[in-house]
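Peer 1: This is the content of run-v7.pdb (PDB, C-alpha atoms):
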ATOM      1  CA  MET A   1      58.688-127.181 173.545
ATOM      2  CA  THR A   2      57.675-130.345 171.746
ATOM      3  CA  ASP A   3      59.932-129.849 168.739
ATOM      4  CA  MET A   4      63.064-129.579 170.821
ATOM      5  CA  GLU A   5      63.950-133.147 169.904
ATOM      6  CA  SER A   6      64.646-132.323 166.256
ATOM      7  CA  LYS A   7      67.215-129.648 166.998
ATOM      8  CA  ALA A   8      70.880-130.547 166.936
ATOM      9  CA  LEU A   9      72.572-130.742 170.303
ATOM     10  CA  GLN A  10      75.210-128.134 170.992
ATOM     11  CA  ALA A  11      78.514-129.013 172.561
ATOM     12  CA  LYS A  12      79.119-127.199 175.803
ATOM     13  CA  GLU A  13      82.098-127.224 178.063
ATOM     14  CA  LYS A  14      81.393-128.389 181.567
ATOM     15  CA  MET A  15      81.045-125.550 184.043
ATOM     16  CA  GLN A  16      83.397-125.517 186.958
ATOM     17  CA  ALA A  17      81.707-125.072 190.285
ATOM     18  CA  ALA A  18      82.601-122.657 193.012
ATOM     19  CA  VAL A  19      82.690-125.000 195.971
ATOM     20  CA  PRO A  20      82.045-123.297 199.289
ATOM     21  CA  ALA A  21      84.646-125.210 201.278
ATOM     22  CA  GLU A  22      88.106-126.309 200.245
ATOM     23  CA  GLN A  23      88.170-129.850 199.019
ATOM     24  CA  THR A  24      90.139-132.587 200.668
ATOM     25  CA  LYS A  25      90.795-134.332 197.355
ATOM     26  CA  PRO A  26      92.313-132.322 194.516
ATOM     27  CA  GLY A  27      90.704-132.150 191.122
ATOM     28  CA  PRO A  28      88.192-130.128 189.138
ATOM     29  CA  VAL A  29      84.613-129.863 190.326
ATOM     30  CA  PHE A  30      81.805-129.401 187.840
ATOM     31  CA  THR A  31      78.245-128.218 188.031
ATOM     32  CA  PRO A  32      75.826-130.760 186.573
ATOM     33  CA  ALA A  33      73.005-129.564 184.351
ATOM     34  CA  VAL A  34      69.764-129.814 186.276
ATOM     35  CA  ASP A  35      66.065-129.733 185.497
ATOM     36  CA  ILE A  36      63.800-128.893 188.397
ATOM     37  CA  TYR A  37      60.070-129.017 188.172
ATOM     38  CA  GLU A  38      57.273-129.038 190.640
ATOM     39  CA  THR A  39      54.031-130.960 190.582
ATOM     40  CA  GLU A  40      51.268-130.659 193.127
ATOM     41  CA  THR A  41      52.680-133.305 195.384
ATOM     42  CA  ASP A  42      56.427-133.251 194.893
ATOM     43  CA  ILE A  43      59.497-131.530 193.542
ATOM     44  CA  MET A  44      61.494-133.449 190.946
ATOM     45  CA  VAL A  45      65.181-132.799 190.431
ATOM     46  CA  LEU A  46      66.914-134.392 187.438
ATOM     47  CA  ALA A  47      70.676-133.991 187.137
ATOM     48  CA  ASP A  48      73.048-135.147 184.401
ATOM     49  CA  MET A  49      75.981-136.780 186.145
ATOM     50  CA  PRO A  50      77.704-139.147 183.719
ATOM     51  CA  GLY A  51      80.348-141.423 185.177
ATOM     52  CA  VAL A  52      78.890-141.443 188.683
ATOM     53  CA  THR A  53      77.868-144.718 190.292
ATOM     54  CA  ALA A  54      75.558-145.178 193.255
ATOM     55  CA  ASP A  55      78.519-145.590 195.625
ATOM     56  CA  GLY A  56      79.996-142.262 194.735
ATOM     57  CA  LEU A  57      76.784-140.308 195.100
ATOM     58  CA  LEU A  58      76.014-138.224 198.163
ATOM     59  CA  ILE A  59      72.673-136.542 198.702
ATOM     60  CA  ASP A  60      72.110-134.346 201.711
ATOM     61  CA  LEU A  61      69.111-132.330 202.801
ATOM     62  CA  ARG A  62      69.220-130.245 205.910
ATOM     63  CA  GLU A  63      67.562-126.982 206.818
ATOM     64  CA  ASN A  64      65.973-126.724 203.389
ATOM     65  CA  VAL A  65      69.303-126.864 201.576
ATOM     66  CA  LEU A  66      69.707-129.742 199.153
ATOM     67  CA  THR A  67      73.269-130.720 198.320
ATOM     68  CA  PHE A  68      74.278-133.479 196.008
ATOM     69  CA  SER A  69      77.709-134.481 194.860
ATOM     70  CA  GLY A  70      79.048-137.354 192.840
ATOM     71  CA  GLU A  71      82.514-138.831 192.652
ATOM     72  CA  VAL A  72      83.905-139.777 189.277
ATOM     73  CA  THR A  73      86.915-142.008 188.822
ATOM     74  CA  PRO A  74      88.876-141.205 185.671
ATOM     75  CA  PRO A  75      88.214-144.074 183.283
ATOM     76  CA  GLU A  76      91.616-144.056 181.647
ATOM     77  CA  LYS A  77      93.961-146.807 182.651
ATOM     78  CA  SER A  78      97.580-146.083 183.387
ATOM     79  CA  GLY A  79      99.106-147.213 180.094
ATOM     80  CA  GLU A  80      97.088-144.853 177.946
ATOM     81  CA  THR A  81      98.382-141.665 176.369
ATOM     82  CA  ASP A  82      96.179-138.846 175.154
ATOM     83  CA  VAL A  83      95.455-138.332 171.487
ATOM     84  CA  LEU A  84      92.610-135.875 171.920
ATOM     85  CA  ARG A  85      91.200-134.523 175.126
ATOM     86  CA  GLU A  86      88.122-132.388 174.865
ATOM     87  CA  TYR A  87      86.637-132.703 178.308
ATOM     88  CA  GLN A  88      87.883-133.256 181.810
ATOM     89  CA  THR A  89      86.457-135.611 184.363
ATOM     90  CA  GLY A  90      85.901-134.565 187.914
ATOM     91  CA  ARG A  91      83.453-134.476 190.763
ATOM     92  CA  TYR A  92      80.012-133.008 190.402
ATOM     93  CA  TYR A  93      78.599-130.733 193.062
ATOM     94  CA  ARG A  94      75.464-128.660 193.257
ATOM     95  CA  GLN A  95      73.514-127.045 196.032
ATOM     96  CA  PHE A  96      69.981-125.680 196.087
ATOM     97  CA  SER A  97      67.911-124.043 198.725
ATOM     98  CA  LEU A  98      64.344-125.234 198.656
ATOM     99  CA  SER A  99      61.395-123.051 199.353
ATOM    100  CA  GLU A 100      59.050-125.866 200.222
ATOM    101  CA  VAL A 101      59.219-128.092 203.235
ATOM    102  CA  ILE A 102      60.058-131.621 202.208
ATOM    103  CA  ASP A 103      58.971-134.871 203.801
ATOM    104  CA  GLN A 104      62.428-136.317 204.362
ATOM    105  CA  GLY A 105      61.280-139.829 205.058
ATOM    106  CA  ARG A 106      59.798-140.261 201.616
ATOM    107  CA  ILE A 107      62.586-138.948 199.400
ATOM    108  CA  GLU A 108      63.335-141.256 196.481
ATOM    109  CA  ALA A 109      66.542-141.206 194.468
ATOM    110  CA  GLU A 110      67.326-143.115 191.309
ATOM    111  CA  LEU A 111      70.542-143.084 189.297
ATOM    112  CA  LYS A 112      70.215-144.446 185.804
ATOM    113  CA  ASP A 113      72.412-143.977 182.708
ATOM    114  CA  GLY A 114      74.219-141.136 184.422
ATOM    115  CA  VAL A 115      71.043-139.225 185.262
ATOM    116  CA  LEU A 116      70.095-138.696 188.884
ATOM    117  CA  GLN A 117      66.383-138.450 189.510
ATOM    118  CA  LEU A 118      65.351-137.126 192.902
ATOM    119  CA  LYS A 119      61.761-137.091 194.002
ATOM    120  CA  LEU A 120      61.160-134.818 196.972
ATOM    121  CA  PRO A 121      57.611-135.135 198.244
ATOM    122  CA  LYS A 122      56.193-132.018 199.755
ATOM    123  CA  VAL A 123      54.824-132.153 203.243
ATOM    124  CA  GLU A 124      51.076-132.330 203.116
ATOM    125  CA  GLU A 125      49.485-129.206 204.351
ATOM    126  CA  ALA A 126      47.706-129.488 207.601
ATOM    127  CA  LYS A 127      44.056-129.816 206.887
ATOM    128  CA  PRO A 128      41.931-127.268 208.675
ATOM    129  CA  ARG A 129      40.012-128.774 211.539
ATOM    130  CA  ARG A 130      36.901-127.483 213.037
ATOM    131  CA  ILE A 131      37.048-127.361 216.761
ATOM    132  CA  GLN A 132      33.892-127.958 218.597
ATOM    133  CA  VAL A 133      33.209-125.810 221.572
ATOM    134  CA  LYS A 134      31.629-127.624 224.420
ATOM    135  CA  ALA A 135      28.966-125.600 226.074
ATOM    136  CA  ALA A 136      29.334-125.588 229.787
TER     137      ALA A 136
ATOM    138  CA  MET B   1     108.378-101.136 199.888
ATOM    139  CA  LEU B   2     108.809-104.338 197.904
ATOM    140  CA  PHE B   3     107.361-104.164 194.419
ATOM    141  CA  GLY B   4     103.866-105.573 194.269
ATOM    142  CA  GLU B   5     103.506-106.017 197.978
ATOM    143  CA  ARG B   6     102.152-103.876 200.681
ATOM    144  CA  TRP B   7     101.662-104.209 204.345
ATOM    145  CA  ASP B   8      97.976-104.775 204.742
ATOM    146  CA  TRP B   9      96.633-102.687 207.594
ATOM    147  CA  PRO B  10      94.586-103.392 209.701
ATOM    148  CA  LEU B  11      94.460-107.081 208.760
ATOM    149  CA  GLY B  12      98.191-107.506 209.051
ATOM    150  CA  GLY B  13     100.330-109.690 206.860
ATOM    151  CA  TRP B  14     101.929-109.080 203.485
ATOM    152  CA  ARG B  15      99.558-109.132 200.564
ATOM    153  CA  SER B  16     100.249-108.772 196.911
ATOM    154  CA  THR B  17      98.658-105.768 195.237
ATOM    155  CA  PHE B  18      97.534-108.053 192.455
ATOM    156  CA  GLU B  19      95.589-110.389 194.673
ATOM    157  CA  GLU B  20      92.540-108.157 194.590
ATOM    158  CA  PHE B  21      92.657-108.018 190.814
ATOM    159  CA  ASP B  22      92.966-111.781 190.643
ATOM    160  CA  ARG B  23      89.934-112.184 192.800
ATOM    161  CA  ILE B  24      87.923-109.718 190.766
ATOM    162  CA  ARG B  25      88.969-111.405 187.536
ATOM    163  CA  ARG B  26      87.916-114.812 188.871
ATOM    164  CA  GLU B  27      84.543-113.524 189.911
ATOM    165  CA  MET B  28      83.975-111.775 186.578
ATOM    166  CA  ASP B  29      84.872-115.006 184.781
ATOM    167  CA  LEU B  30      82.331-116.864 186.837
ATOM    168  CA  LEU B  31      79.711-114.221 186.136
ATOM    169  CA  ALA B  32      80.447-114.260 182.411
ATOM    170  CA  HIS B  33      80.128-118.038 182.316
ATOM    171  CA  ARG B  34      76.827-117.942 184.090
ATOM    172  CA  LEU B  35      75.412-115.364 181.714
ATOM    173  CA  MET B  36      76.723-116.547 178.376
ATOM    174  CA  GLY B  37      77.325-120.254 178.745
ATOM    175  CA  ALA B  38      80.893-121.461 178.903
ATOM    176  CA  PRO B  39      82.896-120.976 175.715
ATOM    177  CA  LEU B  40      84.553-124.122 174.452
ATOM    178  CA  LEU B  41      88.209-124.830 174.963
ATOM    179  CA  ARG B  42      90.363-124.230 171.962
ATOM    180  CA  GLY B  43      91.281-127.552 170.442
ATOM    181  CA  THR B  44      87.790-129.030 170.389
ATOM    182  CA  ALA B  45      85.806-129.490 167.233
ATOM    183  CA  GLY B  46      82.875-127.790 168.893
ATOM    184  CA  VAL B  47      80.544-130.649 168.087
ATOM    185  CA  PHE B  48      78.508-132.660 170.535
ATOM    186  CA  PRO B  49      79.523-135.040 172.029
ATOM    187  CA  LEU B  50      82.907-134.016 173.338
ATOM    188  CA  MET B  51      85.273-136.957 173.145
ATOM    189  CA  ASN B  52      88.481-138.027 174.766
ATOM    190  CA  ILE B  53      90.656-140.278 172.648
ATOM    191  CA  THR B  54      93.557-142.144 174.224
ATOM    192  CA  GLU B  55      95.787-144.916 172.976
ATOM    193  CA  ASP B  56      98.120-147.578 174.192
ATOM    194  CA  THR B  57     100.217-149.970 172.146
ATOM    195  CA  ASP B  58      97.302-152.165 171.092
ATOM    196  CA  ASN B  59      94.140-150.077 171.008
ATOM    197  CA  PHE B  60      92.539-146.704 170.699
ATOM    198  CA  TYR B  61      89.996-145.784 173.334
ATOM    199  CA  VAL B  62      87.308-143.254 172.551
ATOM    200  CA  ARG B  63      85.151-142.031 175.411
ATOM    201  CA  ALA B  64      82.195-139.689 175.343
ATOM    202  CA  GLU B  65      79.820-138.543 178.061
ATOM    203  CA  LEU B  66      76.267-139.233 176.963
ATOM    204  CA  PRO B  67      73.992-139.093 180.006
ATOM    205  CA  GLY B  68      70.405-140.137 179.642
ATOM    206  CA  ILE B  69      70.838-141.737 176.239
ATOM    207  CA  LYS B  70      69.649-145.258 175.668
ATOM    208  CA  ALA B  71      71.874-147.703 173.840
ATOM    209  CA  LYS B  72      69.197-148.214 171.218
ATOM    210  CA  ASP B  73      69.259-144.520 170.320
ATOM    211  CA  LEU B  74      72.953-144.674 169.530
ATOM    212  CA  GLU B  75      74.526-145.544 166.214
ATOM    213  CA  ILE B  76      78.200-146.282 165.977
ATOM    214  CA  SER B  77      79.858-147.197 162.706
ATOM    215  CA  VAL B  78      83.433-147.554 161.511
ATOM    216  CA  THR B  79      84.603-146.934 157.952
ATOM    217  CA  GLY B  80      88.316-147.322 157.364
ATOM    218  CA  ASN B  81      89.960-145.130 159.992
ATOM    219  CA  ALA B  82      86.890-143.050 160.640
ATOM    220  CA  LEU B  83      84.506-143.552 163.517
ATOM    221  CA  THR B  84      81.006-142.096 163.286
ATOM    222  CA  LEU B  85      78.824-141.626 166.316
ATOM    223  CA  SER B  86      75.273-140.394 166.015
ATOM    224  CA  GLY B  87      72.049-140.609 167.889
ATOM    225  CA  GLU B  88      69.424-138.715 169.735
ATOM    226  CA  ARG B  89      68.924-137.693 173.287
ATOM    227  CA  LYS B  90      65.323-137.686 174.352
ATOM    228  CA  ILE B  91      64.143-136.178 177.580
ATOM    229  CA  PRO B  92      60.914-137.753 178.776
ATOM    230  CA  GLU B  93      58.145-135.202 178.907
ATOM    231  CA  ALA B  94      56.871-134.518 182.367
ATOM    232  CA  ALA B  95      53.172-134.792 183.012
ATOM    233  CA  GLN B  96      50.926-131.830 182.432
ATOM    234  CA  ASN B  97      50.516-129.120 185.048
ATOM    235  CA  VAL B  98      54.108-129.062 186.101
ATOM    236  CA  LYS B  99      55.935-125.865 186.869
ATOM    237  CA  TYR B 100      59.519-125.785 185.707
ATOM    238  CA  HIS B 101      61.876-123.889 187.940
ATOM    239  CA  ARG B 102      64.978-124.706 185.967
ATOM    240  CA  ARG B 103      65.565-126.300 182.611
ATOM    241  CA  GLU B 104      69.224-126.727 181.801
ATOM    242  CA  ARG B 105      69.408-130.113 180.151
ATOM    243  CA  GLU B 106      69.014-130.241 176.408
ATOM    244  CA  ALA B 107      67.597-132.845 174.102
ATOM    245  CA  GLY B 108      68.271-133.273 170.434
ATOM    246  CA  GLN B 109      70.153-135.144 167.766
ATOM    247  CA  PHE B 110      73.866-135.373 167.356
ATOM    248  CA  SER B 111      76.269-136.766 164.841
ATOM    249  CA  ARG B 112      80.026-136.693 164.888
ATOM    250  CA  ALA B 113      82.806-138.358 162.940
ATOM    251  CA  VAL B 114      86.451-138.565 163.955
ATOM    252  CA  THR B 115      89.350-139.991 161.990
ATOM    253  CA  LEU B 116      91.872-141.926 164.007
ATOM    254  CA  PRO B 117      95.525-141.324 163.317
ATOM    255  CA  ALA B 118      96.380-144.962 162.560
ATOM    256  CA  PRO B 119      94.671-147.858 160.783
ATOM    257  CA  ILE B 120      92.327-149.926 162.920
ATOM    258  CA  GLU B 121      90.686-153.305 162.613
ATOM    259  CA  GLY B 122      87.069-152.553 161.955
ATOM    260  CA  ASP B 123      85.838-156.057 162.753
ATOM    261  CA  LYS B 124      87.079-156.075 166.301
ATOM    262  CA  VAL B 125      85.731-152.767 167.529
ATOM    263  CA  GLU B 126      83.841-153.005 170.816
ATOM    264  CA  ALA B 127      81.604-150.444 172.445
ATOM    265  CA  SER B 128      80.245-150.406 175.966
ATOM    266  CA  PHE B 129      78.011-147.961 177.733
ATOM    267  CA  ALA B 130      77.912-147.622 181.505
ATOM    268  CA  ASN B 131      76.673-144.847 183.775
ATOM    269  CA  GLY B 132      76.204-142.509 180.873
ATOM    270  CA  VAL B 133      79.770-142.856 179.585
ATOM    271  CA  LEU B 134      80.324-144.524 176.217
ATOM    272  CA  THR B 135      83.647-146.317 175.768
ATOM    273  CA  ILE B 136      84.708-147.593 172.363
ATOM    274  CA  VAL B 137      87.782-149.798 172.076
ATOM    275  CA  LEU B 138      89.318-149.865 168.604
ATOM    276  CA  PRO B 139      92.160-152.341 168.140
ATOM    277  CA  LYS B 140      94.982-151.069 166.006
ATOM    278  CA  ALA B 141      95.827-152.882 162.821
ATOM    279  CA  GLU B 142      99.090-154.801 162.880
ATOM    280  CA  VAL B 143     100.820-152.278 160.637
ATOM    281  CA  ALA B 144     100.098-149.542 163.180
ATOM    282  CA  LYS B 145     101.568-151.256 166.205
ATOM    283  CA  PRO B 146     105.096-150.263 167.108
ATOM    284  CA  LYS B 147     107.718-152.870 166.306
ATOM    285  CA  GLN B 148     111.016-153.157 167.976
ATOM    286  CA  ILE B 149     113.964-153.179 165.628
ATOM    287  CA  THR B 150     117.112-154.851 166.846
ATOM    288  CA  VAL B 151     120.407-153.376 165.840
ATOM    289  CA  LYS B 152     122.913-155.857 164.524
ATOM    290  CA  THR B 153     126.429-155.333 165.658
ATOM    291  CA  SER B 154     129.209-156.986 163.765
TER     292      SER B 154
END
Give the structure from this file in C-alpha cells form.

Peer 2:
Amino acid sequence: MTDMESKALQAKEKMQAAVPAEQTKPGPVFTPAVDIYETETDIMVLADMPGVTADGLLIDLRENVLTFSGEVTPPEKSGETDVLREYQTGRYYRQFSLSEVIDQGRIEAELKDGVLQLKLPKVEEAKPRRIQVKAA
Amino acid sequence: MLFGERWDWPLGGWRSTFEEFDRIRREMDLLAHRLMGAPLLRGTAGVFPLMNITEDTDNFYVRAELPGIKAKDLEISVTGNALTLSGERKIPEAAQNVKYHRREREAGQFSRAVTLPAPIEGDKVEASFANGVLTIVLPKAEVAKPKQITVKTS
C-alpha cells in the first residue's frame, strides 16, 4: 500500500450514475470516486468531487441512508469553442446505506480542493449498568 | 399488427418490442462498467489527466480536473506551442487500525503534454486552481488571431 504513490495515475472516464428519480435539471450525472474507512469512533467518507463548491453540495442522512450530491456549473464561458473535449462536467450523486447508527448532531463535513471529507461519528454504545436491587 | 409494436396485455398501452432489449442492454452496460472500469471515450489520449481545451478569439483555455492535488505538487511549463502538465497526487494515509470498506480513489504521478494548434505567447500564460479544477489561460500570439480583411471595391 505504501508504494502506491510511485505508480503512474491511469486516466479513467467518469462513471455515469443511475439516479433513482428523474432529475428536474437535465444533464449528465456522475458517480464520484469514494474512499470509506472506519475507525473505532467514526466512519470517514472521502469523495472526489472536482468543480463543486460548498453552495452546490447537498448532504442528507435519513434512516441510515447517506446521500450526497454536488452541483457543477460548466466552467466554459459562452464565447468559447471546443478544440478538445475529453471529459464532461455534470452533477455528482452517490448514495450509501450505513450499517452503523450515526450521531447526526456531530457530523462534520469539509470540502477542500474538490475533495469532500465527511466524518460520521458513531453513536456510543450504551454502557452496561449494574442495577441494584433494593431488599425489601 | 404494426411492425415493432405490440399491444401490451395486461398492462395496456402500445409498447415497442425493442424496449425490453434496450433496457437489458442498458443494464448490461452498467454491469460491465461496474466490473471492468469504464473504457475511455475514443478521441482521448488515454493519459491522466483528461483535459478539455477550448478557444475564443484571444486565448486558449485548458481545463483539467485534479481533485485533492495541492498547487505545490503541480508543475506546468510551456515550450513553444506545447504545454506540459505534471505532478503527483498524494492521498494522506489514514491512521493505523482503520478498516477500509471502499477504496476507489487513486494516488500517483502523472505527466502529460499537449500541443496547441496555434502559436501562443509563453510569457503571458496564467494558471489558476479552484475547487480541484485547474484552468490555464494561454493567450494566442498575434499571428494566430483572426484578422478581418476588407474587400476593396472599385

Peer 1: Identify all residues satisfying the PyMOL selection byres ((chain B) within 6 of (chain A)) in the given file; provide them as an MDAnalysis selection string.

Peer 2: chainID B and resid 38 40 44 46:48 50:56 67:68 98:105 107:110 131:133

Peer 1: In Å to one decimal, how far is CA of Lys119 in chain A from CA of Ala95 in chain B?

Peer 2: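 Between CA of Ala95 in chain B and CA of Lys119 in chain A the gap is 14.1 Å.
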
Peer 1: Determine the residue set returned by the PyMOL selection byres ((chain B and resi 122) around 10) for the present structure, and present it as a list of chain:residue names.

Peer 2: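 Applied to this file, the PyMOL selection byres ((chain B and resi 122) around 10) selects B:Ser77, B:Val78, B:Thr79, B:Gly80, B:Asn81, B:Ala82, B:Leu83, B:Pro119, B:Ile120, B:Glu121, B:Asp123, B:Lys124, B:Val125, B:Glu126, B:Leu138, B:Pro139, B:Lys140, B:Ala141.
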
Peer 1: If we count all atoms listed in the file and set the cut-off at 8 Å, which residues sit around Leu85 in chain B, ignoring sequence neighbours fewer than 3 positions away in its own chain? Please answer as a PyMOL selection string.

Peer 2: chain B and resi 74-77+111-113

Peer 1: With N, CA, C and O atoms as the goal, would you fill in the gaps in range 85-107 of chain A and present it as a compact mmCIF listing (two decimals), keeping the file's coordinate frame?

Peer 2:
# COMPACT_ATOMS: atom_id res chain seq x y z
N ARG A 85 91.92 -134.65 173.86
CA ARG A 85 91.20 -134.52 175.13
C ARG A 85 90.32 -133.29 175.04
O ARG A 85 90.82 -132.17 174.97
N GLU A 86 89.03 -133.51 175.00
CA GLU A 86 88.12 -132.39 174.86
C GLU A 86 87.38 -132.08 176.14
O GLU A 86 86.81 -131.01 176.27
N TYR A 87 87.32 -133.02 177.07
CA TYR A 87 86.64 -132.70 178.31
C TYR A 87 87.42 -133.29 179.45
O TYR A 87 88.18 -134.23 179.29
N GLN A 88 87.22 -132.73 180.61
CA GLN A 88 87.88 -133.26 181.81
C GLN A 88 86.86 -134.02 182.63
O GLN A 88 85.66 -133.79 182.53
N THR A 89 87.37 -134.92 183.45
CA THR A 89 86.46 -135.61 184.36
C THR A 89 86.75 -135.12 185.77
O THR A 89 87.88 -134.83 186.12
N GLY A 90 85.72 -135.03 186.55
CA GLY A 90 85.90 -134.56 187.91
C GLY A 90 84.59 -134.70 188.66
O GLY A 90 83.56 -135.04 188.09
N ARG A 91 84.65 -134.37 189.94
CA ARG A 91 83.45 -134.48 190.76
C ARG A 91 82.37 -133.54 190.27
O ARG A 91 82.65 -132.51 189.69
N TYR A 92 81.15 -133.89 190.62
CA TYR A 92 80.01 -133.01 190.40
C TYR A 92 79.52 -132.53 191.74
O TYR A 92 79.49 -133.29 192.72
N TYR A 93 79.08 -131.29 191.79
CA TYR A 93 78.60 -130.73 193.06
C TYR A 93 77.57 -129.67 192.74
O TYR A 93 77.79 -128.82 191.89
N ARG A 94 76.46 -129.73 193.45
CA ARG A 94 75.46 -128.66 193.26
C ARG A 94 74.64 -128.54 194.53
O ARG A 94 74.34 -129.52 195.20
N GLN A 95 74.25 -127.31 194.80
CA GLN A 95 73.51 -127.04 196.03
C GLN A 95 72.32 -126.18 195.71
O GLN A 95 72.43 -125.23 194.93
N PHE A 96 71.18 -126.50 196.30
CA PHE A 96 69.98 -125.68 196.09
C PHE A 96 69.34 -125.39 197.42
O PHE A 96 69.36 -126.23 198.31
N SER A 97 68.71 -124.25 197.53
CA SER A 97 67.91 -124.04 198.72
C SER A 97 66.46 -124.13 198.30
O SER A 97 66.03 -123.56 197.30
N LEU A 98 65.71 -124.91 199.04
CA LEU A 98 64.34 -125.23 198.66
C LEU A 98 63.39 -124.33 199.38
O LEU A 98 63.57 -124.04 200.56
N SER A 99 62.36 -123.92 198.69
CA SER A 99 61.40 -123.05 199.35
C SER A 99 60.32 -123.86 200.06
O SER A 99 59.70 -123.39 200.98
N GLU A 100 60.11 -125.08 199.62
CA GLU A 100 59.05 -125.87 200.22
C GLU A 100 59.62 -126.76 201.31
O GLU A 100 60.76 -127.17 201.24
N VAL A 101 58.79 -127.13 202.23
CA VAL A 101 59.22 -128.09 203.24
C VAL A 101 59.03 -129.49 202.66
O VAL A 101 58.01 -129.79 202.05
N ILE A 102 60.04 -130.31 202.85
CA ILE A 102 60.06 -131.62 202.21
C ILE A 102 59.88 -132.70 203.27
O ILE A 102 60.43 -132.59 204.36
N ASP A 103 59.14 -133.72 202.92
CA ASP A 103 58.97 -134.87 203.80
C ASP A 103 60.20 -135.76 203.63
O ASP A 103 60.32 -136.53 202.69
N GLN A 104 61.13 -135.66 204.57
CA GLN A 104 62.43 -136.32 204.36
C GLN A 104 62.33 -137.82 204.32
O GLN A 104 63.13 -138.48 203.68
N GLY A 105 61.35 -138.37 205.01
CA GLY A 105 61.28 -139.83 205.06
C GLY A 105 60.88 -140.45 203.74
O GLY A 105 61.10 -141.64 203.52
N ARG A 106 60.31 -139.65 202.85
CA ARG A 106 59.80 -140.26 201.62
C ARG A 106 60.58 -139.83 200.38
O ARG A 106 60.08 -139.91 199.28
N ILE A 107 61.80 -139.36 200.56
CA ILE A 107 62.59 -138.95 199.40
C ILE A 107 63.02 -140.19 198.63
O ILE A 107 63.45 -141.18 199.22
